[in-house]
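Working notes, beginning with the structure itself.
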Amino acid sequence: MATDLATPPVKAVKATGHRPGRARALWRYRWLYLMIIPGLAYFLIFKYVPMRGLQIAFQDFVPFLGYNGSQWVGFKHFEDLFTGPDFGRLMYNTLFLALLNIVFVFPAPIIVALMLNELRINVLKRSVQSLIYIPHFLSWTIVASLTYILFSVDYGVLAGWIHEILGGQKIDYVAQPEWFRPIIILQTLWKTTGWTTIIYLAALAGVNHEQYEAARMDGAGRWRQLWHVTLPAIRPTIVVMAILMSGNLLDMSFEQIWLMTNNLNRGTADVFDTFTYYVGINQGAYSYATAVGLFKGVAGVLLIFGSNWLAKRLGQRGLF
Amino acid sequence: MSVNQYRSPGSRVFDAVNIAVLTGLGLITLVPLLYVLAGSFASESEISSRTFFLWPEKFVTSTYEYIFATDVFIRALLTTVVVTLVGTVVQLALTLTMAYPLAKRYLPGRALMLNLVIFTVVFSGGIIPTYLVVRDLGMLNSYWALILPLAINPFYLIIVKSFFQELPEALEEAARIDGCTEMGVFFKIVLPLSKPIIATFSLFYAVGIWNDYMSPLLYIDDSSKWTLQVLVRQLTGADAQNALSALETVFFPTQGLKFAVVVIATLPILLFYPFLQKHFVKGVLIGSVKE
């Protein structure tokens with residue numbers, strides 16, 4: 001930047017000032033540059049300085065010695081990660097949840113949006129919409145608390161009901177590892193399904209009514225209209241949402257998972273982010289934790305570009 | 001759709017099932033919240049004797065009286081309100097002032113700065129390096145740690161920038177000719193035209209801070225600086241008894257207390273919900289169109 005300032009404007013600026021030199025541009029747009037400084041500083045300090053801090057993944061970082069004083073160890077932490085017991089477990093847990101998300105969470109809003117679209121009683125439609133959007137605004141803390149309140153073994157209402165119906169041993173749903181994944185998926189469905197229908201409902205609202213008329217003239221019933229008119233109309237939206245989802249495949253909600261993790265189910269619950277936090281902040285293994293985080297970050301970038309590339313190959317617009 | 005249009009029996013069955021299922025979904029959302037609300041006004045004995053109810057037999061406010069007489073709650077509530085208010089103002093200010101120059105296509109360096117912003121969406125330093133930066137800045141156990149590391153949401157920034165780009169340039173030009181500086185144009189012309197989007201993003205940001213649990217988890221150790229979300233967690237989590245031992249005030253998390261604190265942490269969101277719904281639906285659609 002300093003050299004730029006020192007460089008004199010190469011081309012003489014005409015009176016209209018259409019192509020000013022750098023220094024002149026700086027002066028001319030000084031207010032705009034001034035306005036952008038705080039925001040730019042934010043991105044540099046809280047986004048780019050941490051990227052430089054990723055170097056500690058290749059060090060044995062000791063906070064006391066700092067970034068420059070700590071020993072460089074190359075790929076040691078990555079070797080530890082890939083050869084140790086953690087990696088397989090983290091990958092398995094993450095991919096298992098991702099798979100459940102694809103199977104259960106992804107189609108849910110499509111189905112609900114299609115059902116809402118078929119609902120002809122407008123008052124009911126609006127009421128249901130207003131209700132199912134609510135959980136989107138509730139924090140994961142609240143969702144987790146509701147889960148504990150409803151499912152805990154001593155006083156949980158739902159746990160009690162399930163016990164009355166099925167009998168047998170009382171089950172501590174919130175503590176048992178084998179119930180961790182079902183509970184997480186139920187939470188995600190409860191919190192996100194309603195909200196995501198908005199995007200599909202917007203696509204559904206754009207379907208041309210004449211197409212339905214034409215389909216009816218040809219004798220198509222409601223199922224055939226759904227299959228031949230409605231679904232093709234929202235297919236692009238479904239594809240975009242699928243790309244978005246596959247780009248974020250490894251991104252589980254940190255808060256959600258962390259809040260449902262306990263010492264009993266940790267083996268099943270740990271995903272990359274929560275493990276990074278646990279090992280880094282709770283146990284102070286900064287470098288190893290950063291290596292885990294960096295692996296996940298790089299894998300995430302590859303996934304985003306991969307899914308985008310795939311989308312373009314399939315003739316979709318892609319995201320960028 | 002005319003009323004007397006012929007519907008096949010199958011079609012009617014479908015409609016009936018559809019209505020039943022969707023009503024069910026609405027209730028699944030609503031009933032847990034109503035149960036917690038009812039429980040917060042019920043006595044401890046009623047909560048333990050009746051398994052499920054949406055209206056307490058005896059209406060009791062002692063739980064709330066207890067809460068609003070306990071320092072820990074008052075402090076957490078005040079902390080959360082203040083951090084949310086200050087945080088929203090800071091976030092809005094930074095987002096608006098950065099979005100405006102970025103909306104000027106003629107600004108040299110704009111593309112570079114935009115790319116810097118967008119790159120952070122794809123890749124970040126992650127939890128530990130960010131934590132170390134916050135620590136090095138001396139912000140551990142400071143309320144600023146709950147605000148500054150999340151000061152600008154890049155998605156919101158891009159949406160606000162797109163909004164600014166669509167404002168009529170002629171108005172701004174006229175103001176400039178009248179001798180307004182860029183700053184003046186921003187405050188006198190642009191901001192007044194942006195009231196709807198400012199309202200929308202105030203709500204976006206406010207809900208984000210109010211609901212944030214990760215930042216206090218990462219950056220706040222001091223139990224006197226707990227936010228509401230942390231308190232909710234400590235009261236309702238599986239190891240509530242242990243977690244609460246960090247507090248100097250000793251109290252036992254009764255069921256009613258858990259219910260009441262969930263209600264208090266949820267209530268502001270529900271009070272603002274009508275506005276939220278209107279603005280957020282608009283926002284999510286702008287977002288999905290622009291992306």
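Residue names in the structure tokens use chain letters A, B, ... in the order shown, residue numbers from 1 in each chain, and ligand numbers from 1 in the order shown.
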
If you run DSSP on this backbone, which residues of range 48-202 of chain B come out as alpha helix (DSSP H), and could you give them as number ranges by chain? B: 48-49, 62-67, 71-102, 110-122, 127-136, 154-165, 169-177, 182-185, 191-193, 195-202

Please identify all polymer residues within 9 Å of Gly126 in chain B, counting only C-alpha atoms, omitting same-chain residues fewer than 3 positions from it, and present them as a PyMOL selection string. (chain A and resi 47+50-51+54+273+290+293-294+297) or (chain B and resi 123+129-131)

Selected residues written out with C-alpha atoms, as a PDB file, in the first residue's frame:
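Below is the file that was written, part_16.pdb:
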ATOM      1  CA  LYS A  47     -10.852 -13.749  10.555  1.00  0.00           C
ATOM      2  CA  PRO A  50      -6.684 -16.537  13.230  1.00  0.00           C
ATOM      3  CA  MET A  51      -5.806 -17.961   9.803  1.00  0.00           C
ATOM      4  CA  LEU A  54      -3.319 -21.969  12.067  1.00  0.00           C
ATOM      5  CA  ASP A 273     -15.879 -29.246  16.101  1.00  0.00           C
ATOM      6  CA  THR A 290      -5.934 -26.859  15.788  1.00  0.00           C
ATOM      7  CA  GLY A 293      -9.854 -28.067  13.115  1.00  0.00           C
ATOM      8  CA  LEU A 294      -7.608 -27.400  10.123  1.00  0.00           C
ATOM      9  CA  GLY A 297     -11.666 -26.732   7.462  1.00  0.00           C
TER      10      GLY A 297
ATOM     11  CA  PHE B 123     -12.643 -21.012   5.155  1.00  0.00           C
ATOM     12  CA  PRO B 129      -6.896 -19.864  16.642  1.00  0.00           C
ATOM     13  CA  THR B 130      -9.868 -17.520  17.101  1.00  0.00           C
ATOM     14  CA  TYR B 131      -9.912 -18.276  20.807  1.00  0.00           C
TER      15      TYR B 131
END

Give the answer as one residue: which of B:Trp226, B:Phe14, B:Phe201, B:Phe41 has the shortest atom-to-atom distance to chain A, using only C-alpha atoms?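 Using only C-alpha atoms, the shortest distance to chain A belongs to B:Phe14.
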
Which range 4-121 of chain A residues have any atom within 10 Å of an atom of range 217-238 of chain A, and for each, what is the nearest pair of atoms with distance in Å to one decimal, counting only C-alpha atoms, rows sorted by chain and number, as JSON lines?
{"residue": "A:Phe106", "atom": "CA", "partner": "A:Ile238", "partner_atom": "CA", "distance": 9.3}
{"residue": "A:Pro107", "atom": "CA", "partner": "A:Ile238", "partner_atom": "CA", "distance": 9.2}
{"residue": "A:Ile110", "atom": "CA", "partner": "A:Ile238", "partner_atom": "CA", "distance": 8.0}
{"residue": "A:Leu114", "atom": "CA", "partner": "A:Thr230", "partner_atom": "CA", "distance": 8.5}
{"residue": "A:Asn117", "atom": "CA", "partner": "A:Thr230", "partner_atom": "CA", "distance": 9.7}
{"residue": "A:Glu118", "atom": "CA", "partner": "A:Arg222", "partner_atom": "CA", "distance": 9.2}

Residues within 8 Å of Val301 in chain A, please, as a short mmCIF file (atom, residue, chain, number, x, y, z; two decimals) with C-alpha atoms, in the first residue's frame. Count only C-alpha atoms; anything in the same chain fewer than 2 positions from it doesn't count.
data_model
loop_
_atom_site.label_atom_id
_atom_site.label_comp_id
_atom_site.auth_asym_id
_atom_site.auth_seq_id
_atom_site.Cartn_x
_atom_site.Cartn_y
_atom_site.Cartn_z
CA GLY A 247 -21.08 -28.40 0.84
CA GLY A 297 -11.67 -26.73 7.46
CA VAL A 298 -9.74 -27.98 4.43
CA ALA A 299 -12.12 -30.90 3.93
CA LEU A 303 -16.59 -30.31 -0.27
CA ILE A 304 -17.92 -26.85 -1.14
CA PHE A 305 -15.91 -26.61 -4.35
CA VAL B 122 -15.61 -20.71 2.83
CA PHE B 123 -12.64 -21.01 5.16
#

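CA of Ser246 in chain A sits 29.1 Å away from CA of Leu146 in chain A.
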
Pick from A:Arg22, A:Arg30, A:His77, A:His136 nearest to Tyr286 in chain A, counting only C-alpha atoms: A:His77

Find the residues near range 169-179 of chain B: any atom within 10 Å, counting only C-alpha atoms, skip ones fewer than 5 places away on the same chain, and give them as a PyMOL selection string. chain B and resi 104+164+184-186+188-190

Give me the residues near Leu270 in chain B as an MDAnalysis selection string, where near means some atom within 10 Å (using only C-alpha atoms) and where sequence neighbours in that chain fewer than 6 positions away do not count. (chainID A and resid 134:135 137:138) or (chainID B and resid 263 276)

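Within 6 Å of chain B, and counting only C-alpha atoms, chain A contributes A:Trp31, A:Leu32, A:Met35, A:Ile36, A:Gly39, A:Phe46, A:Pro50, A:Met51, A:Gly53, A:Val128, A:Leu131, A:Ile132, A:Ser139, A:Ser145, A:Val157, A:Thr290.
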
Hey, what's within 10 Å of Ser202 in chain B if we count only C-alpha atoms and toss same-chain stuff fewer than 2 positions away? As a JSON list (two decimals) with N, CA and C atoms, in the first residue's frame, please?
[["chain", "number", "residue", "atom", "x", "y", "z"],
["B", 85, "LEU", "N", -28.30, -5.54, 23.40],
["B", 85, "LEU", "CA", -28.54, -4.19, 22.88],
["B", 85, "LEU", "C", -27.26, -3.58, 22.31],
["B", 87, "GLY", "N", -24.47, -5.05, 21.53],
["B", 87, "GLY", "CA", -23.97, -5.87, 20.44],
["B", 87, "GLY", "C", -24.69, -5.59, 19.13],
["B", 88, "THR", "N", -26.01, -5.47, 19.20],
["B", 88, "THR", "CA", -26.78, -5.23, 17.99],
["B", 88, "THR", "C", -26.39, -3.89, 17.36],
["B", 89, "VAL", "N", -26.21, -2.87, 18.22],
["B", 89, "VAL", "CA", -25.82, -1.55, 17.70],
["B", 89, "VAL", "C", -24.45, -1.63, 17.03],
["B", 91, "GLN", "N", -22.89, -4.28, 15.82],
["B", 91, "GLN", "CA", -22.94, -5.11, 14.61],
["B", 91, "GLN", "C", -23.58, -4.37, 13.45],
["B", 92, "LEU", "N", -24.68, -3.67, 13.76],
["B", 92, "LEU", "CA", -25.36, -2.91, 12.71],
["B", 92, "LEU", "C", -24.45, -1.82, 12.17],
["B", 196, "PRO", "N", -36.35, -0.28, 6.42],
["B", 196, "PRO", "CA", -36.83, -1.66, 6.50],
["B", 196, "PRO", "C", -35.70, -2.67, 6.69],
["B", 197, "ILE", "N", -34.62, -2.46, 5.94],
["B", 197, "ILE", "CA", -33.54, -3.44, 6.02],
["B", 197, "ILE", "C", -32.79, -3.29, 7.34],
["B", 198, "ILE", "N", -32.75, -2.08, 7.89],
["B", 198, "ILE", "CA", -32.12, -1.89, 9.20],
["B", 198, "ILE", "C", -32.94, -2.63, 10.26],
["B", 199, "ALA", "N", -34.27, -2.51, 10.16],
["B", 199, "ALA", "CA", -35.13, -3.21, 11.12],
["B", 199, "ALA", "C", -34.90, -4.72, 11.02],
["B", 200, "THR", "N", -34.88, -5.21, 9.79],
["B", 200, "THR", "CA", -34.69, -6.65, 9.60],
["B", 200, "THR", "C", -33.40, -7.14, 10.24],
["B", 204, "PHE", "N", -32.26, -9.79, 13.17],
["B", 204, "PHE", "CA", -31.34, -10.90, 12.88],
["B", 204, "PHE", "C", -30.23, -10.95, 13.92],
["B", 205, "TYR", "N", -29.56, -9.80, 14.07],
["B", 205, "TYR", "CA", -28.40, -9.75, 14.96],
["B", 205, "TYR", "C", -28.80, -9.95, 16.42],
["B", 206, "ALA", "N", -29.91, -9.29, 16.82],
["B", 206, "ALA", "CA", -30.33, -9.37, 18.22],
["B", 206, "ALA", "C", -30.65, -10.82, 18.60],
["B", 207, "VAL", "N", -31.38, -11.50, 17.75],
["B", 207, "VAL", "CA", -31.70, -12.91, 18.03],
["B", 207, "VAL", "C", -30.42, -13.73, 18.11],
["B", 208, "GLY", "N", -29.49, -13.43, 17.21],
["B", 208, "GLY", "CA", -28.22, -14.17, 17.21],
["B", 208, "GLY", "C", -27.47, -14.04, 18.53]]

Between CA of Gly74 in chain A and CA of Asn248 in chain A, distance in Å (one decimal):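 Separation between CA of Gly74 in chain A and CA of Asn248 in chain A: 28.5 Å.
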